[in-house]
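Next comes my_file-v7.cif, a file with mmCIF, C-alpha atoms.
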```
data_model
#
loop_
_atom_site.label_atom_id
_atom_site.label_comp_id
_atom_site.auth_asym_id
_atom_site.auth_seq_id
_atom_site.Cartn_x
_atom_site.Cartn_y
_atom_site.Cartn_z
CA MET G 1 -14.89 11.50 4.78
CA VAL G 2 -15.57 7.79 4.55
CA ARG G 3 -17.61 6.48 7.46
CA PRO G 4 -15.65 4.35 9.97
CA LEU G 5 -15.75 0.62 9.30
CA THR G 6 -17.37 -1.43 12.06
CA VAL G 7 -16.61 -5.15 12.24
CA THR G 8 -17.42 -7.51 15.08
CA ALA G 9 -14.40 -9.68 15.78
CA PRO G 10 -14.97 -13.45 16.06
CA ALA G 11 -14.86 -15.06 19.46
CA ALA G 12 -11.67 -16.92 20.39
CA ASN G 13 -13.39 -20.30 19.84
CA ASP G 14 -14.98 -19.26 16.52
CA PRO G 15 -13.77 -21.62 13.74
CA ALA G 16 -13.59 -18.64 11.39
CA ARG G 17 -10.85 -17.09 13.55
CA ALA G 18 -7.47 -16.86 11.79
CA GLY G 19 -9.04 -18.13 8.60
CA ALA G 20 -9.80 -21.59 9.92
CA CYS G 21 -12.82 -23.55 8.70
CA PRO G 22 -14.46 -26.55 10.33
CA GLY G 23 -12.53 -29.68 9.41
CA SER G 24 -9.87 -27.74 7.48
CA VAL G 25 -6.11 -27.86 7.87
CA ARG G 26 -4.29 -24.94 9.43
CA ARG G 27 -4.03 -21.98 7.09
CA VAL G 28 -0.70 -21.07 5.54
CA ILE G 29 -1.67 -17.38 5.72
CA GLU G 30 -1.92 -15.91 9.22
CA ALA G 31 -1.83 -12.15 8.53
CA VAL G 32 -2.48 -9.63 5.77
CA VAL G 33 -0.27 -6.68 4.83
CA PHE G 34 -1.62 -3.82 2.73
CA ASP G 35 0.21 -1.20 0.74
CA MET G 36 -1.53 2.17 1.05
CA ASP G 37 -1.09 4.75 -1.72
CA GLY G 38 -3.04 3.76 -4.81
CA LEU G 39 -4.47 0.70 -3.06
CA LEU G 40 -6.46 1.92 -0.05
CA MET G 41 -6.73 5.55 -1.13
CA ASP G 42 -6.61 7.18 -4.53
CA SER G 43 -3.65 9.21 -3.27
CA GLU G 44 -1.30 8.95 -6.24
CA PRO G 45 -2.94 11.99 -7.92
CA LEU G 46 -2.54 13.87 -4.62
CA TRP G 47 1.16 12.99 -4.47
CA GLN G 48 1.56 14.09 -8.07
CA GLU G 49 -0.23 17.39 -7.41
CA ALA G 50 2.00 18.09 -4.40
CA GLU G 51 5.20 17.15 -6.25
CA ILE G 52 4.33 19.31 -9.27
CA GLU G 53 3.52 22.26 -7.00
CA VAL G 54 6.54 22.02 -4.69
CA PHE G 55 9.18 21.12 -7.27
CA ALA G 56 8.05 24.14 -9.31
CA ARG G 57 9.36 26.30 -6.45
CA VAL G 58 12.91 25.17 -7.30
CA GLY G 59 12.50 25.44 -11.06
CA ILE G 60 11.69 21.81 -11.88
CA ALA G 61 8.68 21.58 -14.16
CA LEU G 62 7.00 18.22 -13.64
CA ASP G 63 3.78 16.86 -15.09
CA ARG G 64 1.81 13.76 -14.11
CA GLU G 65 3.60 11.59 -16.66
CA LEU G 66 7.02 12.57 -15.29
CA CYS G 67 5.79 11.88 -11.76
CA LEU G 68 5.11 8.27 -12.76
CA ARG G 69 8.88 7.74 -13.06
CA THR G 70 9.17 7.77 -9.27
CA ARG G 71 5.83 6.21 -8.37
CA GLY G 72 6.01 4.00 -5.29
CA ARG G 73 9.41 5.29 -4.15
CA LYS G 74 10.14 6.79 -0.76
CA ILE G 75 9.83 10.58 -0.84
CA ASP G 76 13.54 10.93 -0.01
CA GLU G 77 14.31 8.88 -3.12
CA VAL G 78 11.95 11.02 -5.22
CA VAL G 79 13.69 14.22 -4.11
CA ASP G 80 17.14 12.68 -4.68
CA TYR G 81 16.07 11.49 -8.16
CA TRP G 82 15.19 14.99 -9.36
CA TYR G 83 18.07 16.67 -7.51
CA ALA G 84 20.51 14.41 -9.35
CA ARG G 85 19.06 15.57 -12.68
CA GLN G 86 18.59 19.27 -11.89
CA PRO G 87 20.20 20.35 -8.61
CA TRP G 88 18.94 23.49 -6.90
CA PRO G 89 20.79 25.75 -4.44
CA ALA G 90 18.03 26.10 -1.82
CA PRO G 91 16.03 25.00 0.09
CA SER G 92 17.70 21.78 1.25
CA ARG G 93 16.46 18.44 -0.01
CA GLY G 94 15.17 17.69 3.48
CA ALA G 95 13.16 20.91 3.56
CA LEU G 96 11.70 20.21 0.12
CA ARG G 97 10.77 16.67 1.20
CA ASP G 98 9.00 18.02 4.27
CA ALA G 99 7.10 20.55 2.15
CA ILE G 100 5.84 17.81 -0.16
CA VAL G 101 4.76 15.61 2.75
CA GLU G 102 2.97 18.53 4.41
CA ARG G 103 1.14 19.36 1.19
CA VAL G 104 0.09 15.74 0.62
CA GLY G 105 -1.27 15.63 4.16
CA GLU G 106 -3.38 18.72 3.46
CA LEU G 107 -4.73 17.16 0.27
CA VAL G 108 -5.49 13.84 1.99
CA ARG G 109 -7.53 15.59 4.67
CA ALA G 110 -9.32 17.75 2.10
CA ARG G 111 -9.98 15.30 -0.72
CA GLY G 112 -8.80 11.81 0.25
CA ARG G 113 -11.27 9.08 -0.63
CA ALA G 114 -11.19 5.29 -0.29
CA LYS G 115 -10.54 3.15 -3.32
CA PRO G 116 -13.43 0.84 -4.24
CA GLY G 117 -13.56 -2.25 -2.04
CA VAL G 118 -11.51 -1.01 0.92
CA GLU G 119 -14.34 -1.62 3.40
CA HIS G 120 -15.01 -5.02 1.81
CA ALA G 121 -11.37 -6.17 1.97
CA VAL G 122 -10.69 -4.92 5.51
CA GLY G 123 -13.96 -6.44 6.71
CA PHE G 124 -13.26 -9.75 4.96
CA PHE G 125 -10.07 -10.29 6.94
CA ALA G 126 -11.17 -8.65 10.17
CA GLU G 127 -14.16 -11.01 10.34
CA ARG G 128 -11.71 -13.92 10.15
CA GLY G 129 -9.61 -12.55 13.01
CA LEU G 130 -6.53 -11.99 10.87
CA PRO G 131 -4.13 -9.27 12.05
CA LEU G 132 -3.60 -6.49 9.51
CA ALA G 133 -0.64 -4.22 8.82
CA ILE G 134 0.29 -1.34 6.54
CA ALA G 135 3.57 -1.50 4.60
CA SER G 136 3.91 1.86 2.86
CA SER G 137 6.65 3.98 1.36
CA SER G 138 4.87 7.01 2.84
CA PRO G 139 6.00 8.60 6.11
CA HIS G 140 4.18 7.66 9.32
CA LEU G 141 2.50 11.08 9.41
CA LEU G 142 0.73 10.33 6.13
CA ILE G 143 -0.06 6.72 7.05
CA GLU G 144 -1.93 7.99 10.11
CA ALA G 145 -3.62 10.74 8.09
CA VAL G 146 -4.91 8.27 5.50
CA LEU G 147 -6.12 5.71 8.05
CA ALA G 148 -7.90 8.45 10.00
CA GLN G 149 -9.50 9.87 6.86
CA LEU G 150 -10.79 6.43 5.87
CA GLY G 151 -11.87 5.53 9.41
CA ILE G 152 -10.07 2.15 9.40
CA GLY G 153 -7.07 2.74 11.66
CA ALA G 154 -8.42 0.59 14.50
CA HIS G 155 -8.26 -2.51 12.30
CA PHE G 156 -4.51 -2.30 11.68
CA ARG G 157 -2.30 -3.80 14.35
CA ALA G 158 0.92 -2.53 12.77
CA ARG G 159 2.16 0.23 10.48
CA HIS G 160 5.57 0.16 8.84
CA SER G 161 6.87 3.09 6.82
CA GLY G 162 9.61 3.57 4.28
CA GLU G 163 11.12 6.11 6.66
CA ASP G 164 11.87 3.19 9.01
CA GLU G 165 14.16 1.59 6.41
CA ALA G 166 17.29 2.56 4.49
CA ARG G 167 15.92 1.10 1.26
CA GLY G 168 12.45 1.41 -0.22
CA LYS G 169 10.48 -0.85 -2.53
CA PRO G 170 11.30 -3.00 -4.51
CA ASP G 171 13.66 -3.93 -1.68
CA PRO G 172 11.76 -6.26 0.71
CA ALA G 173 12.67 -4.29 3.85
CA ILE G 174 9.31 -2.50 4.25
CA PHE G 175 7.30 -5.72 4.03
CA LEU G 176 9.73 -7.60 6.26
CA GLY G 177 9.42 -4.81 8.82
CA ALA G 178 5.63 -5.02 8.77
CA ALA G 179 5.75 -8.79 9.31
CA ARG G 180 8.23 -8.32 12.16
CA LYS G 181 5.90 -5.86 13.88
CA LEU G 182 3.03 -8.34 13.52
CA GLY G 183 5.19 -11.08 14.99
CA ILE G 184 4.39 -13.39 12.07
CA PRO G 185 6.91 -14.82 9.57
CA ALA G 186 6.73 -13.01 6.23
CA PRO G 187 5.99 -16.24 4.27
CA ARG G 188 2.79 -16.57 6.33
CA CYS G 189 1.57 -13.12 5.28
CA LEU G 190 -0.58 -12.22 2.29
CA ALA G 191 0.27 -8.86 0.69
CA PHE G 192 -1.91 -6.52 -1.36
CA GLU G 193 -0.12 -4.14 -3.74
CA ASP G 194 -0.88 -1.93 -6.71
CA SER G 195 2.53 -1.33 -8.33
CA PRO G 196 5.15 -3.59 -9.93
CA SER G 197 7.82 -2.37 -7.49
CA GLY G 198 5.51 -3.12 -4.57
CA VAL G 199 4.73 -6.60 -5.84
CA ALA G 200 8.46 -7.24 -6.30
CA SER G 201 9.04 -6.07 -2.73
CA ALA G 202 6.35 -8.36 -1.27
CA LYS G 203 7.54 -11.38 -3.26
CA ALA G 204 11.17 -10.74 -2.28
CA ALA G 205 9.98 -10.80 1.34
CA GLY G 206 8.54 -14.27 0.71
CA MET G 207 4.88 -13.25 0.83
CA ARG G 208 2.05 -14.32 -1.43
CA CYS G 209 0.78 -11.22 -3.19
CA VAL G 210 -2.46 -9.95 -4.71
CA ALA G 211 -1.98 -7.15 -7.24
CA VAL G 212 -4.68 -4.53 -7.78
CA PRO G 213 -3.50 -2.19 -10.56
CA ASP G 214 -4.09 1.49 -9.91
CA SER G 215 -5.69 2.84 -13.09
CA ALA G 216 -5.91 6.47 -11.94
CA GLY G 217 -4.46 8.72 -14.63
CA VAL G 218 -2.96 5.79 -16.56
CA ALA G 219 -3.54 5.46 -20.31
CA PRO G 220 -5.21 2.19 -21.39
CA GLU G 221 -2.10 0.98 -23.23
CA ALA G 222 0.11 1.68 -20.23
CA LEU G 223 -2.38 -0.03 -17.92
CA LEU G 224 -2.32 -3.18 -20.05
CA GLU G 225 1.48 -3.20 -19.94
CA GLU G 226 1.50 -2.71 -16.18
CA ARG G 227 -1.08 -5.47 -15.67
CA SER G 228 1.17 -7.80 -17.66
CA ARG G 229 4.15 -6.89 -15.48
CA LEU G 230 2.08 -7.48 -12.35
CA ALA G 231 0.80 -10.84 -13.59
CA ALA G 232 4.38 -12.01 -14.12
CA ARG G 233 5.14 -11.68 -10.39
CA ALA G 234 1.89 -11.62 -8.39
CA ASP G 235 -0.03 -14.71 -7.29
CA LEU G 236 -3.31 -13.07 -8.29
CA VAL G 237 -4.28 -9.93 -10.23
CA ILE G 238 -7.73 -8.39 -9.71
CA ASP G 239 -9.13 -5.09 -10.96
CA SER G 240 -10.58 -3.99 -7.61
CA LEU G 241 -10.52 -4.97 -3.94
CA LEU G 242 -14.25 -5.57 -4.39
CA GLU G 243 -13.42 -8.66 -6.46
CA PHE G 244 -11.56 -10.49 -3.68
CA ASP G 245 -13.77 -13.35 -2.51
CA GLU G 246 -13.85 -16.66 -0.67
CA ALA G 247 -12.59 -18.60 -3.70
CA HIS G 248 -9.52 -16.36 -3.92
CA TRP G 249 -8.95 -16.74 -0.17
CA GLU G 250 -9.19 -20.52 -0.34
CA ALA G 251 -6.75 -20.66 -3.25
CA LEU G 252 -4.19 -18.37 -1.61
CA ALA G 253 -4.47 -19.29 2.07
CA GLY G 254 -4.57 -23.08 1.99
CA SER G 255 -1.64 -25.42 2.32
CA PRO G 256 0.81 -25.35 -0.58
#
```

Is it possible to express this structure as structure tokens?
Amino acid sequence: MVRPLTVTAPAANDPARAGACPGSVRRVIEAVVFDMDGLLMDSEPLWQEAEIEVFARVGIALDRELCLRTRGRKIDEVVDYWYARQPWPAPSRGALRDAIVERVGELVRARGRAKPGVEHAVGFFAERGLPLAIASSSPHLLIEAVLAQLGIGAHFRARHSGEDEARGKPDPAIFLGAARKLGIPAPRCLAFEDSPSGVASAKAAGMRCVAVPDSAGVAPEALLEERSRLAARADLVIDSLLEFDEAHWEALAGSP
């Protein structure tokens, strides 16, 4: 398990609070919203393992490449996708969804690890007094499991799940819901995402967006193609959360 992140919050009169600097104008960005799977935790392989295992129970033979077809979607949408192509008589789609979620939770607690730079990124914004939120397609149960496993839950003021919304990413609803829970307009939030559908969701919500491609299990050619797709929509593309620095912050958070 990753050790809990400890950050001392700035005092209310600290000029670093809310991203302000001495003599600077008010920041355009007042909050930061993180995706979770593939960004904070290398959980995509865990999702794939659970989907392959559970769908096999109803006669659907998936592999990791087939799982990429539904990457980033709500689990209900994943189940509906495969049911539409190869319906099964039992169990119900709801029961199969619950079985996948339960299995992913077990794998998160057993093998979940932080992606490189998670402590750096969370600390970077926490030290500036910026409120943080999660905007994830995963159910709340898994959001809490991941945050607990990584020891960073205390730093996130809000969590918004795909199960709270009728439509998942690339629809903007999940990001808009996270901004609403923070009490900050979406255009004043900076989003971090790893997938093209997530970037599209954040941009549709009016947020500036940093893309961090998830290279786990992706062939080099496919990764290059995905990076190109991300670059077409995101405001910044970096290879790791470790790369995010003060220069990036100044470029993204200042006045337009």

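Atom to atom, atom CA of G:Asp37 and atom CA of G:Arg57 stand 24.4 Å apart.
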
Item to check | Residues returned when the PyMOL selection byres ((chain G and resi 106-111) around 12) runs on this file, as a PyMOL selection string | outcome: chain G and resi 1-2+37+41-51+99-105+112-114+141-151

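For the set G:Trp249, G:Ser137, G:Leu132, G:Leu242, the residue with the smallest atom-to-atom gap to G:Ala166 is G:Ser137, counting only C-alpha atoms.
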
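Counting all atoms listed in the file and comparing G:His120, G:Arg85, G:Arg97, G:Lys169, the residue that lies closest to G:Leu241 is G:His120.
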
Item to check | Nearby residues (all atoms listed in the file) at most 7 Å from G:Pro139, same-chain spacing under 4 positions excluded, as a list in words | outcome: Ile143, Ser161, Gly162 and Glu163 of chain G

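With distances restricted to all atoms listed in the file, G:Ile29 is the closest residue to G:Ala251 from G:Gly183, G:Arg188, G:Ile29, G:Gly117.
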
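Using only C-alpha atoms, the smallest distance between any of G:Ala158, G:Leu66, G:Ala186, G:Met36 and G:Gly198 comes from G:Met36.
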
Item to check | Separation of atom CA of G:Phe34 from atom CA of G:Gly168 in Å | outcome: 15.3 Å

Checklist outcome for this item: Computed gap from atom CA of G:Leu68 to atom CA of G:Ala133 is 25.6 Å

Checklist entry - Hey, what comes out of the PyMOL selection byres ((chain G and resi 225-228) around 12) on this file? Could you write it as a list in words? => result Asp194, Ser195, Pro196, Ser197, Val199, Val210, Ala211, Val212, Pro213, Asp214, Ser215, Val218, Ala219, Pro220, Glu221, Ala222, Leu223, Leu224, Arg229, Leu230, Ala231, Ala232, Arg233, Ala234, Leu236, Val237, Ile238 and Asp239 of chain G

List as a PDB file with C-alpha atoms, in the coordinates of the input: which residues have an atom within 12 Å of (14.3, 6.2, -4.6), counting all atoms listed in the file?
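To be explicit, this is the file written out as point_27.pdb:
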```pdb
ATOM      1  CA  ARG G  69       8.880   7.740 -13.060  1.00  0.00           C
ATOM      2  CA  THR G  70       9.170   7.770  -9.270  1.00  0.00           C
ATOM      3  CA  ARG G  71       5.830   6.210  -8.370  1.00  0.00           C
ATOM      4  CA  GLY G  72       6.010   4.000  -5.290  1.00  0.00           C
ATOM      5  CA  ARG G  73       9.410   5.290  -4.150  1.00  0.00           C
ATOM      6  CA  LYS G  74      10.140   6.790  -0.760  1.00  0.00           C
ATOM      7  CA  ILE G  75       9.830  10.580  -0.840  1.00  0.00           C
ATOM      8  CA  ASP G  76      13.540  10.930  -0.010  1.00  0.00           C
ATOM      9  CA  GLU G  77      14.310   8.880  -3.120  1.00  0.00           C
ATOM     10  CA  VAL G  78      11.950  11.020  -5.220  1.00  0.00           C
ATOM     11  CA  VAL G  79      13.690  14.220  -4.110  1.00  0.00           C
ATOM     12  CA  ASP G  80      17.140  12.680  -4.680  1.00  0.00           C
ATOM     13  CA  TYR G  81      16.070  11.490  -8.160  1.00  0.00           C
ATOM     14  CA  TRP G  82      15.190  14.990  -9.360  1.00  0.00           C
ATOM     15  CA  TYR G  83      18.070  16.670  -7.510  1.00  0.00           C
ATOM     16  CA  ALA G  84      20.510  14.410  -9.350  1.00  0.00           C
ATOM     17  CA  SER G 137       6.650   3.980   1.360  1.00  0.00           C
ATOM     18  CA  GLY G 162       9.610   3.570   4.280  1.00  0.00           C
ATOM     19  CA  GLU G 163      11.120   6.110   6.660  1.00  0.00           C
ATOM     20  CA  GLU G 165      14.160   1.590   6.410  1.00  0.00           C
ATOM     21  CA  ALA G 166      17.290   2.560   4.490  1.00  0.00           C
ATOM     22  CA  ARG G 167      15.920   1.100   1.260  1.00  0.00           C
ATOM     23  CA  GLY G 168      12.450   1.410  -0.220  1.00  0.00           C
ATOM     24  CA  LYS G 169      10.480  -0.850  -2.530  1.00  0.00           C
ATOM     25  CA  PRO G 170      11.300  -3.000  -4.510  1.00  0.00           C
ATOM     26  CA  ASP G 171      13.660  -3.930  -1.680  1.00  0.00           C
ATOM     27  CA  SER G 197       7.820  -2.370  -7.490  1.00  0.00           C
TER      28      SER G 197
END
```

Checklist outcome for this item: Residue with the minimum atom-to-atom distance to G:Val32, picked from G:Leu190, G:Ile134, G:Ile184, G:Ala154 with only C-alpha atoms counted, is G:Leu190

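Distances to G:Lys115 were evaluated for G:Leu40, G:Cys209, G:Cys67, G:Ala179 using all atoms listed in the file, and the minimum falls at G:Leu40.
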
Chain and number of each residue from the PyMOL selection byres ((chain G and resi 176) around 10), as a JSON list (two decimals) with C-alpha atoms, in the coordinates of the input:
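Result file part.json:
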```
[["chain", "number", "residue", "atom", "x", "y", "z"],
["G", 135, "ALA", "CA", 3.57, -1.50, 4.60],
["G", 160, "HIS", "CA", 5.57, 0.16, 8.84],
["G", 171, "ASP", "CA", 13.66, -3.93, -1.68],
["G", 172, "PRO", "CA", 11.76, -6.26, 0.71],
["G", 173, "ALA", "CA", 12.67, -4.29, 3.85],
["G", 174, "ILE", "CA", 9.31, -2.50, 4.25],
["G", 175, "PHE", "CA", 7.30, -5.72, 4.03],
["G", 177, "GLY", "CA", 9.42, -4.81, 8.82],
["G", 178, "ALA", "CA", 5.63, -5.02, 8.77],
["G", 179, "ALA", "CA", 5.75, -8.79, 9.31],
["G", 180, "ARG", "CA", 8.23, -8.32, 12.16],
["G", 181, "LYS", "CA", 5.90, -5.86, 13.88],
["G", 182, "LEU", "CA", 3.03, -8.34, 13.52],
["G", 184, "ILE", "CA", 4.39, -13.39, 12.07],
["G", 185, "PRO", "CA", 6.91, -14.82, 9.57],
["G", 186, "ALA", "CA", 6.73, -13.01, 6.23],
["G", 187, "PRO", "CA", 5.99, -16.24, 4.27],
["G", 189, "CYS", "CA", 1.57, -13.12, 5.28],
["G", 201, "SER", "CA", 9.04, -6.07, -2.73],
["G", 202, "ALA", "CA", 6.35, -8.36, -1.27],
["G", 204, "ALA", "CA", 11.17, -10.74, -2.28],
["G", 205, "ALA", "CA", 9.98, -10.80, 1.34],
["G", 206, "GLY", "CA", 8.54, -14.27, 0.71],
["G", 207, "MET", "CA", 4.88, -13.25, 0.83]]
```
